[in-house]
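Content type compact mmCIF, C-alpha atoms, from the file coords_19.txt:
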```
# COMPACT_ATOMS: atom_id res chain seq x y z
CA MET T 20 13.36 -1.18 -35.75
CA GLY T 21 10.50 -3.64 -36.04
CA PHE T 22 10.12 -3.99 -32.32
CA PHE T 23 9.66 -0.29 -31.67
CA ASP T 24 7.32 0.16 -34.58
CA PHE T 25 5.22 -2.58 -33.09
CA LEU T 26 5.11 -0.82 -29.71
CA LYS T 27 4.16 2.50 -31.26
CA LYS T 28 1.40 0.94 -33.26
CA GLU T 29 0.13 -0.84 -30.18
CA SER T 30 0.00 2.32 -28.12
CA ASN T 31 -1.74 4.31 -30.81
CA GLN T 32 -4.36 1.69 -31.37
CA LYS T 33 -5.07 0.46 -27.89
CA GLY T 34 -4.06 3.28 -25.57
CA SER T 35 -1.44 3.05 -22.86
CA LYS T 36 -2.96 0.05 -21.10
CA SER T 37 -1.05 -2.51 -23.15
CA ILE T 38 2.21 -0.66 -22.47
CA ALA T 39 1.42 -0.76 -18.74
CA LYS T 40 0.73 -4.50 -18.91
CA ASP T 41 3.88 -5.30 -20.85
CA ARG T 42 6.11 -3.21 -18.58
CA LEU T 43 4.49 -4.64 -15.49
CA LYS T 44 4.85 -8.24 -16.65
CA LEU T 45 8.52 -7.71 -17.38
CA VAL T 46 9.27 -5.96 -14.10
CA LEU T 47 7.45 -8.68 -12.16
CA VAL T 48 9.40 -11.46 -13.84
CA HIS T 49 12.56 -9.79 -12.55
CA ASP T 50 11.07 -9.01 -9.12
CA ARG T 51 9.85 -12.56 -8.65
CA ALA T 52 13.11 -14.12 -9.78
CA SER T 53 15.11 -11.55 -7.79
CA MET T 54 17.30 -11.12 -10.86
CA SER T 55 18.31 -7.61 -11.82
CA PRO T 56 19.17 -6.46 -15.37
CA GLU T 57 22.82 -6.17 -14.21
CA VAL T 58 22.93 -9.82 -13.21
CA LEU T 59 21.32 -10.78 -16.49
CA GLU T 60 23.93 -8.77 -18.41
CA ALA T 61 26.75 -10.51 -16.52
CA LEU T 62 25.15 -13.85 -17.33
CA ARG T 63 24.89 -12.88 -21.00
CA LYS T 64 28.60 -12.03 -21.15
CA GLU T 65 29.64 -15.30 -19.56
CA ILE T 66 27.41 -17.33 -21.83
CA ILE T 67 29.05 -15.64 -24.83
CA GLN T 68 32.50 -16.46 -23.48
CA VAL T 69 31.69 -20.13 -23.02
CA ILE T 70 29.87 -20.62 -26.30
CA SER T 71 32.53 -18.73 -28.29
CA LYS T 72 35.01 -21.48 -27.42
CA TYR T 73 33.03 -23.89 -29.55
CA VAL T 74 31.17 -21.87 -32.15
CA ASP T 75 31.60 -18.51 -33.81
CA VAL T 76 28.64 -16.54 -32.55
CA ASP T 77 27.24 -13.17 -33.54
CA ASN T 78 28.10 -11.30 -30.32
CA ASN T 79 25.98 -8.27 -31.05
CA ASN T 80 22.75 -10.13 -31.56
CA ILE T 81 22.72 -12.44 -28.57
CA GLU T 82 19.62 -12.06 -26.46
CA VAL T 83 19.25 -13.47 -22.98
CA GLU T 84 15.87 -12.89 -21.41
CA LEU T 85 13.96 -13.94 -18.37
CA ASN T 86 10.45 -14.93 -19.40
CA ASP T 87 7.31 -15.89 -17.62
CA ASN T 88 5.45 -18.90 -18.98
CA ASN T 89 2.37 -19.77 -16.94
CA ASN T 90 4.06 -18.42 -13.84
CA GLN T 91 7.17 -20.49 -14.43
CA ALA T 92 10.20 -18.25 -14.91
CA THR T 93 12.36 -19.40 -17.80
CA LEU T 94 15.69 -18.22 -19.10
CA VAL T 95 15.61 -17.88 -22.87
CA ALA T 96 18.79 -17.34 -24.86
CA ASN T 97 18.74 -16.62 -28.56
CA ILE T 98 22.24 -17.07 -29.97
CA PRO T 99 22.81 -16.60 -33.71
CA ILE T 100 25.75 -18.65 -34.96
CA ASN T 101 28.02 -17.34 -37.72
CA GLU T 102 29.92 -20.51 -38.31
CA ILE T 103 30.63 -23.77 -36.57
CA LYS T 104 34.34 -23.81 -35.90
CA ARG T 105 36.17 -26.46 -37.90
CA LYS T 106 38.74 -28.67 -36.40
CA ARG T 107 42.12 -27.53 -37.56
CA ASN T 108 44.00 -29.94 -39.73
CA VAL T 109 47.27 -30.87 -38.16
CA MET F 88 -14.16 -16.68 18.02
CA GLY F 89 -13.71 -13.90 15.48
CA GLU F 90 -11.48 -13.49 12.47
CA VAL F 91 -8.52 -11.17 11.95
CA ILE F 92 -8.30 -9.54 8.51
CA VAL F 93 -5.34 -7.36 7.57
CA ILE F 94 -5.80 -4.67 4.92
CA THR F 95 -2.51 -4.00 3.19
CA SER F 96 -1.00 -2.76 -0.08
CA GLY F 97 2.71 -2.07 0.03
CA LYS F 98 2.36 1.24 -1.76
CA GLY F 99 1.00 4.23 0.13
CA GLY F 100 -1.96 6.30 -0.95
CA VAL F 101 -3.93 3.56 -2.67
CA GLY F 102 -6.79 3.60 -0.16
CA LYS F 103 -5.98 1.17 2.66
CA THR F 104 -7.43 3.37 5.38
CA THR F 105 -10.50 4.33 3.33
CA THR F 106 -11.03 0.63 2.57
CA THR F 107 -10.63 -0.33 6.23
CA ALA F 108 -13.11 2.34 7.36
CA ASN F 109 -15.69 1.42 4.74
CA ILE F 110 -15.45 -2.36 4.99
CA GLY F 111 -15.59 -2.11 8.78
CA THR F 112 -18.59 0.20 8.70
CA ALA F 113 -20.30 -2.05 6.13
CA LEU F 114 -19.73 -5.16 8.29
CA ALA F 115 -21.21 -3.35 11.29
CA LYS F 116 -24.21 -2.34 9.17
CA ILE F 117 -24.89 -6.02 8.49
CA ASP F 118 -24.91 -6.59 12.26
CA LYS F 119 -21.39 -7.86 12.81
CA LYS F 120 -19.36 -6.81 15.81
CA VAL F 121 -16.28 -5.16 14.38
CA VAL F 122 -13.11 -3.51 15.68
CA LEU F 123 -10.84 -1.51 13.41
CA VAL F 124 -7.23 -1.43 14.54
CA ASP F 125 -4.98 1.37 13.26
CA THR F 126 -1.48 -0.14 13.25
CA ASP F 127 0.12 2.84 11.50
CA ILE F 128 1.87 4.07 14.62
CA GLY F 129 3.16 7.62 14.25
CA LEU F 130 0.87 8.35 11.29
CA ARG F 131 -2.59 7.96 12.78
CA ASN F 132 -5.38 8.43 10.21
CA LEU F 133 -8.18 5.94 10.62
CA ASP F 134 -9.64 8.07 13.44
CA VAL F 135 -10.20 11.09 11.18
CA VAL F 136 -11.61 9.00 8.33
CA LEU F 137 -14.17 7.62 10.81
CA GLY F 138 -14.78 11.04 12.42
CA LEU F 139 -13.68 9.81 15.86
CA GLU F 140 -10.55 11.94 16.31
CA ASN F 141 -11.96 13.92 19.23
CA ARG F 142 -12.70 10.88 21.36
CA ILE F 143 -9.25 9.39 21.69
CA VAL F 144 -7.90 9.01 25.20
CA TYR F 145 -5.78 5.86 25.03
CA ASP F 146 -4.20 4.14 22.03
CA ILE F 147 -2.80 0.80 20.87
CA VAL F 148 0.59 1.38 22.53
CA ASP F 149 -1.10 2.13 25.87
CA VAL F 150 -2.99 -1.17 25.57
CA VAL F 151 -0.06 -3.42 24.69
CA LYS F 152 2.17 -1.78 27.32
CA GLY F 153 -0.50 -2.23 29.97
CA HIS F 154 -1.04 1.50 30.62
CA CYS F 155 -4.78 0.97 30.32
CA ARG F 156 -7.29 -1.82 29.91
CA LEU F 157 -8.34 -2.83 26.39
CA ASN F 158 -11.92 -1.61 26.96
CA GLN F 159 -10.70 1.83 27.96
CA ALA F 160 -8.93 2.34 24.63
CA LEU F 161 -11.74 1.07 22.38
CA ILE F 162 -13.75 3.96 20.89
CA LYS F 163 -17.36 3.30 20.00
CA ASP F 164 -18.59 4.60 16.64
CA LYS F 165 -21.05 7.52 16.61
CA ARG F 166 -23.70 5.77 14.53
CA LEU F 167 -23.21 2.04 14.58
CA GLU F 168 -23.74 -0.10 17.62
CA GLY F 169 -21.25 -2.85 16.78
CA LEU F 170 -18.34 -0.74 15.47
CA PHE F 171 -15.22 0.15 17.47
CA LEU F 172 -11.84 1.75 16.79
CA LEU F 173 -8.53 1.02 18.46
CA PRO F 174 -6.46 4.06 17.44
CA ALA F 175 -2.74 4.17 16.67
CA ALA F 176 -0.38 6.20 18.84
CA GLN F 177 0.62 9.44 17.19
CA THR F 178 3.71 10.35 19.16
CA LYS F 179 5.60 7.06 19.02
CA ASP F 180 7.05 5.12 16.10
CA LYS F 181 6.42 1.78 14.43
CA ASN F 182 8.96 0.05 16.64
CA ALA F 183 7.08 1.02 19.81
CA VAL F 184 5.28 -2.35 19.67
CA THR F 185 6.53 -5.86 18.95
CA GLU F 186 5.05 -8.66 16.86
CA GLU F 187 4.42 -10.72 20.00
CA GLU F 188 2.50 -7.85 21.62
CA ILE F 189 0.29 -7.42 18.56
CA LYS F 190 -0.28 -11.17 18.30
CA LYS F 191 -1.50 -11.21 21.88
CA LEU F 192 -3.70 -8.17 21.22
CA THR F 193 -5.37 -9.77 18.17
CA GLU F 194 -6.06 -12.92 20.19
CA ASP F 195 -7.75 -10.84 22.89
CA LEU F 196 -9.79 -8.90 20.33
CA LYS F 197 -10.91 -12.09 18.55
CA GLU F 198 -12.62 -13.15 21.78
CA LYS F 199 -14.80 -10.04 21.75
CA PHE F 200 -15.44 -9.32 18.07
CA ASP F 201 -16.64 -11.10 14.91
CA TYR F 202 -14.11 -9.22 12.81
CA VAL F 203 -10.82 -7.61 13.79
CA ILE F 204 -9.66 -5.45 10.87
CA MET F 205 -6.04 -4.35 10.89
CA ASP F 206 -5.21 -1.22 8.90
CA CYS F 207 -1.60 -1.80 7.85
CA PRO F 208 0.95 0.97 7.28
CA ALA F 209 2.56 1.40 3.84
CA GLY F 210 5.88 -0.33 3.32
CA ILE F 211 7.25 -3.75 4.20
CA GLU F 212 9.14 -2.95 7.39
CA GLN F 213 8.29 -3.60 11.03
CA GLY F 214 4.86 -1.91 10.84
CA PHE F 215 3.84 -4.35 8.10
CA LYS F 216 5.16 -7.34 10.03
CA ASN F 217 3.25 -6.22 13.12
CA ALA F 218 0.00 -5.76 11.20
CA ILE F 219 0.04 -9.22 9.58
CA ILE F 220 1.27 -11.27 12.54
CA GLY F 221 -2.13 -12.35 13.85
CA ALA F 222 -4.02 -12.32 10.54
CA ASP F 223 -6.31 -15.17 9.50
CA ARG F 224 -6.71 -13.58 6.10
CA ALA F 225 -5.53 -10.61 4.10
CA ILE F 226 -7.03 -8.11 1.70
CA VAL F 227 -4.56 -6.46 -0.66
CA VAL F 228 -5.64 -3.08 -2.03
CA ALA F 229 -4.26 -2.03 -5.42
CA THR F 230 -5.12 0.69 -7.91
CA PRO F 231 -4.88 -0.02 -11.65
CA GLU F 232 -1.41 1.49 -11.96
CA VAL F 233 1.95 -0.13 -12.68
CA SER F 234 3.57 0.94 -9.40
CA SER F 235 0.65 -0.15 -7.23
CA VAL F 236 0.28 -3.57 -8.91
CA ARG F 237 4.01 -4.14 -8.67
CA ASP F 238 3.98 -3.45 -4.93
CA ALA F 239 0.87 -5.59 -4.52
CA ASP F 240 2.77 -8.48 -6.12
CA ARG F 241 5.57 -8.09 -3.61
CA ILE F 242 3.11 -7.95 -0.72
CA ILE F 243 1.27 -11.07 -1.95
CA GLY F 244 4.64 -12.87 -1.98
CA LEU F 245 5.39 -11.76 1.57
CA LEU F 246 1.92 -12.80 2.78
CA GLU F 247 2.47 -16.23 1.23
CA ALA F 248 5.88 -16.46 2.86
CA ASN F 249 4.22 -15.67 6.20
CA GLU F 250 1.63 -18.39 5.56
CA ILE F 251 -1.45 -16.19 5.64
CA PRO F 252 -3.93 -18.75 4.33
CA ASP F 253 -6.34 -16.55 2.38
CA THR F 254 -5.39 -13.43 0.42
CA ARG F 255 -7.85 -11.52 -1.74
CA LEU F 256 -7.61 -8.43 -3.90
CA VAL F 257 -9.55 -5.17 -3.82
CA ILE F 258 -9.05 -3.08 -6.96
CA ASN F 259 -9.57 0.52 -5.93
CA ARG F 260 -10.20 3.70 -7.89
CA LEU F 261 -11.05 1.99 -11.15
CA ARG F 262 -12.10 4.44 -13.87
CA PRO F 263 -14.41 2.61 -16.29
CA GLN F 264 -14.16 5.37 -18.89
CA MET F 265 -10.37 5.08 -19.02
CA VAL F 266 -10.55 1.28 -19.16
CA LYS F 267 -12.91 1.59 -22.11
CA GLN F 268 -10.51 3.94 -23.89
CA GLY F 269 -7.72 1.45 -23.34
CA ASP F 270 -5.81 3.80 -21.05
CA MET F 271 -6.23 1.85 -17.82
CA MET F 272 -5.61 -1.79 -17.00
CA ASP F 273 -8.88 -3.59 -16.40
CA ILE F 274 -9.88 -6.06 -13.72
CA GLU F 275 -9.02 -9.09 -15.79
CA ASP F 276 -5.52 -7.81 -16.57
CA ILE F 277 -4.72 -7.22 -12.92
CA ILE F 278 -6.02 -10.51 -11.52
CA ASP F 279 -4.29 -12.34 -14.35
CA ILE F 280 -0.95 -10.68 -13.57
CA LEU F 281 -1.25 -11.15 -9.80
CA SER F 282 -2.85 -14.63 -9.93
CA ILE F 283 -5.11 -13.81 -7.00
CA LYS F 284 -8.84 -13.96 -6.31
CA LEU F 285 -10.85 -10.77 -6.37
CA ILE F 286 -13.09 -9.68 -3.49
CA GLY F 287 -13.98 -6.13 -4.47
CA VAL F 288 -13.85 -3.55 -7.25
CA ILE F 289 -14.26 0.04 -6.11
CA PRO F 290 -14.84 2.69 -8.77
CA GLU F 291 -13.17 6.09 -8.53
CA ASP F 292 -15.75 8.25 -6.76
CA GLU F 293 -15.44 11.92 -5.80
CA PHE F 294 -17.76 11.27 -2.91
CA ILE F 295 -14.90 9.51 -1.10
CA ILE F 296 -13.24 12.92 -0.67
CA VAL F 297 -16.49 14.44 0.59
CA SER F 298 -16.98 11.56 3.00
CA THR F 299 -13.42 11.85 4.31
CA ASN F 300 -13.92 15.61 4.73
CA ARG F 301 -16.95 14.87 6.87
CA GLY F 302 -15.53 11.86 8.69
CA GLU F 303 -18.43 9.68 7.55
CA PRO F 304 -17.53 6.54 5.56
CA ALA F 305 -19.11 6.37 2.09
CA VAL F 306 -21.06 3.17 2.84
CA ASN F 307 -23.38 5.35 4.91
CA ASN F 308 -24.48 7.09 1.70
CA GLU F 309 -26.89 5.11 -0.48
CA ASP F 310 -26.01 7.11 -3.60
CA SER F 311 -22.26 6.58 -3.55
CA MET F 312 -21.02 4.05 -6.11
CA ALA F 313 -17.88 3.44 -4.06
CA GLY F 314 -20.06 3.01 -0.97
CA LYS F 315 -22.17 0.38 -2.75
CA ALA F 316 -19.05 -1.41 -3.94
CA TYR F 317 -17.64 -1.47 -0.38
CA MET F 318 -20.92 -2.84 0.95
CA ASN F 319 -20.77 -5.63 -1.64
CA THR F 320 -17.18 -6.35 -0.64
CA ALA F 321 -18.22 -6.68 3.01
CA LYS F 322 -20.98 -9.10 2.04
CA ARG F 323 -18.44 -11.21 0.15
CA ILE F 324 -16.23 -11.20 3.26
CA VAL F 325 -19.03 -12.78 5.31
CA GLY F 326 -19.48 -15.38 2.55
CA GLU F 327 -22.42 -14.02 0.56
CA GLU F 328 -22.28 -14.37 -3.21
CA VAL F 329 -22.74 -10.89 -4.61
CA PRO F 330 -22.29 -10.11 -8.30
CA PHE F 331 -19.79 -7.38 -9.12
CA LEU F 332 -21.30 -3.97 -9.93
CA ASN F 333 -21.62 -3.13 -13.57
CA LEU F 334 -19.15 -0.29 -13.84
CA GLU F 335 -18.98 -0.17 -17.61
CA VAL F 336 -19.93 2.98 -19.31
CA GLN F 337 -21.67 1.28 -22.19
CA GLU F 338 -23.37 -1.91 -23.22
CA GLY F 339 -21.89 -5.37 -23.22
CA LEU F 340 -19.83 -5.16 -20.13
CA LEU F 341 -22.30 -6.58 -17.67
CA ASP F 342 -22.19 -9.75 -19.71
CA ARG F 343 -18.42 -9.75 -19.64
CA PHE F 344 -18.36 -9.21 -15.88
CA LEU F 345 -20.85 -11.98 -15.33
CA LYS F 346 -18.82 -14.28 -17.50
CA ILE F 347 -15.65 -13.57 -15.58
CA PHE F 348 -17.06 -13.65 -12.10
CA SER F 349 -19.79 -16.24 -12.30
CA LYS F 350 -17.32 -18.86 -11.05
```

Spit out the file's structure as structure tokens when you get a sec.
Amino acid sequence: MGFFDFLKKESNQKGSKSIAKDRLKLVLVHDRASMSPEVLEALRKEIIQVISKYVDVDNNNIEVELNDNNNQATLVANIPINEIKRKRNV
Amino acid sequence: MGEVIVITSGKGGVGKTTTTANIGTALAKIDKKVVLVDTDIGLRNLDVVLGLENRIVYDIVDVVKGHCRLNQALIKDKRLEGLFLLPAAQTKDKNAVTEEEIKKLTEDLKEKFDYVIMDCPAGIEQGFKNAIIGADRAIVVATPEVSSVRDADRIIGLLEANEIPDTRLVINRLRPQMVKQGDMMDIEDIIDILSIKLIGVIPEDEFIIVSTNRGEPAVNNEDSMAGKAYMNTAKRIVGEEVPFLNLEVQEGLLDRFLKIFSK
């Protein structure tokens, strides 16, 4: 919700230029890293699989994004944890 | 020994040929000896933009295949003493010439001219590879649109990969009114995204259509804003420091421009 409200507000206030910039920056991060959204989705699924072995994660709210910080592509994963899994008592 | 400059963009229709014709004409106006090479084989256009379409006898394919001598294929401009065109072939395709043949051609042309300007076809296939093979530097043309800037980014990457030492950007068809309204990316946004140095900003100008209709490049008209901007771009190519035109509709922008480009 909040994210889209933010976009709408932006476009109303500043015109479509900021939308163009944001879309362009995102598409270029992918172009430059040669990583498609499909690959990123596959990566997201595998990360969930691995991490779920150790912690109980909130599957629906995991975000994996490719970002661009000062022309250095970075992979940013935001993984909310429900509960650290306890060792079972024998 | 002259210099080979390739004018390229990736995306079609952003003004490569218009830019080639105008920068070439402008360089000739400041007394440089210039040849414009149309490498868009099969889709010849630079001849009509320059108004030289009726004078073509031989073309670039005839030259590289040895069907004629280089001098026989070079067409002298109607107005300017130092300006020549080497036209593309219209009936063949982009694979009719090889990179080695074009490399040899650019080396021959560098002996005779101060500037050899290669008008590159759209796309990143063989025609692009041919056009950049002999280049000492590159000018990437982009319009302030998402698709054009995206393609420009790809082209800049390919130029880097091909070790073209100096790549500069021309932003074409900028509409200051739309930038002011916040509905068009401005110069700063584009150079920031592409991380590339600017060499020209050409405003949208209806006179470009008139000049193309007539076959007379806009730099020949003192009143054309685009013409002035192309002349300034040519001066920057030869190493002059020329401030960027104040394209803003209202106050305050000249200062901003000066701030950005005083480096």

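Computed from the coordinates, the CA of Ala321 in chain F to CA of Lys216 in chain F distance equals 24.4 Å.
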
Give me, as a tab-separated table, each residue of chain F that comes within 6 Å of chain T, together with its shortest interatomic pair and the distance in Å at one decimal, counting all atoms listed in the file, with rows ordered by chain and rising residue number.
```
residue	atom	partner	partner_atom	distance
F:Val233	CA	T:Leu43	CA	5.9
F:Gly269	CA	T:Gly34	CA	4.7
F:Asp270	CA	T:Lys36	CA	4.7
F:Met271	CA	T:Lys36	CA	5.0
F:Met272	CA	T:Lys36	CA	5.2
```

Between CA of Pro174 in chain F and CA of Asn141 in chain F, distance in Å (one decimal) = 11.4 Å

query = Around (-15.4, 5.4, 24.0) in the file's own coordinates, what residues are found within 9 Å if you use all atoms listed in the file, given back as a ChimeraX atom specification?
reply = /F:142-144,158-164,171-172

Box along x, y and z, 5 Å on every side, all listed atoms of range 43-62 of chain T inside: centre and edge lengths in Å to one decimal, as JSON.
```
{"center_x": 15.6, "center_y": -9.4, "center_z": -13.1, "size_x": 32.3, "size_y": 19.5, "size_z": 20.6}
```

task = Write out as a VMD selection string each polymer residue whose atoms come within 9 Å of Asn80 in chain T, counting all atoms listed in the file; drop sequence neighbours fewer than 4 positions from it.
result = chain T and resid 76 97 to 99

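Taking CA of Val136 in chain F as the reference point, CA of Gly302 in chain F is found at 4.9 Å.
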
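Among the candidate residues F:Ile280, F:Leu261, F:Cys207, F:Val101, the one lying nearest to Val48 in chain T is F:Ile280, with distances computed using only C-alpha atoms.
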
inquiry  = Here's a test: counting only C-alpha atoms, identify every protein, DNA and RNA residue with an atom at most 10 Å from (-2.8, 6.8, -5.9) in the file's coordinate frame, and state them as a list of chain:residue names.
reply    = F:Lys98, F:Gly99, F:Gly100, F:Val101, F:Gly102, F:Ala229, F:Thr230, F:Pro231, F:Glu232, F:Ser234, F:Ser235, F:Asn259, F:Arg260

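Near His49 in chain T, within 9 Å and counting all atoms listed in the file, sit Ser55, Pro56, Leu85 and Asn86 of chain T; same-chain residues fewer than 6 positions away were not included.
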
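Every protein or nucleic acid residue with an atom no more than 12 Å from Phe200 in chain F, counting only C-alpha atoms and leaving out same-chain residues fewer than 3 positions away, appears here: Met88, Gly89, Glu90, Val91, Ile92, Gly111, Leu114, Ala115, Asp118, Lys119, Lys120, Val121, Val122, Leu123, Val124, Leu161, Gly169, Leu170, Phe171, Leu172, Thr193, Glu194, Asp195, Leu196, Lys197, Val203 and Ile204 of chain F.
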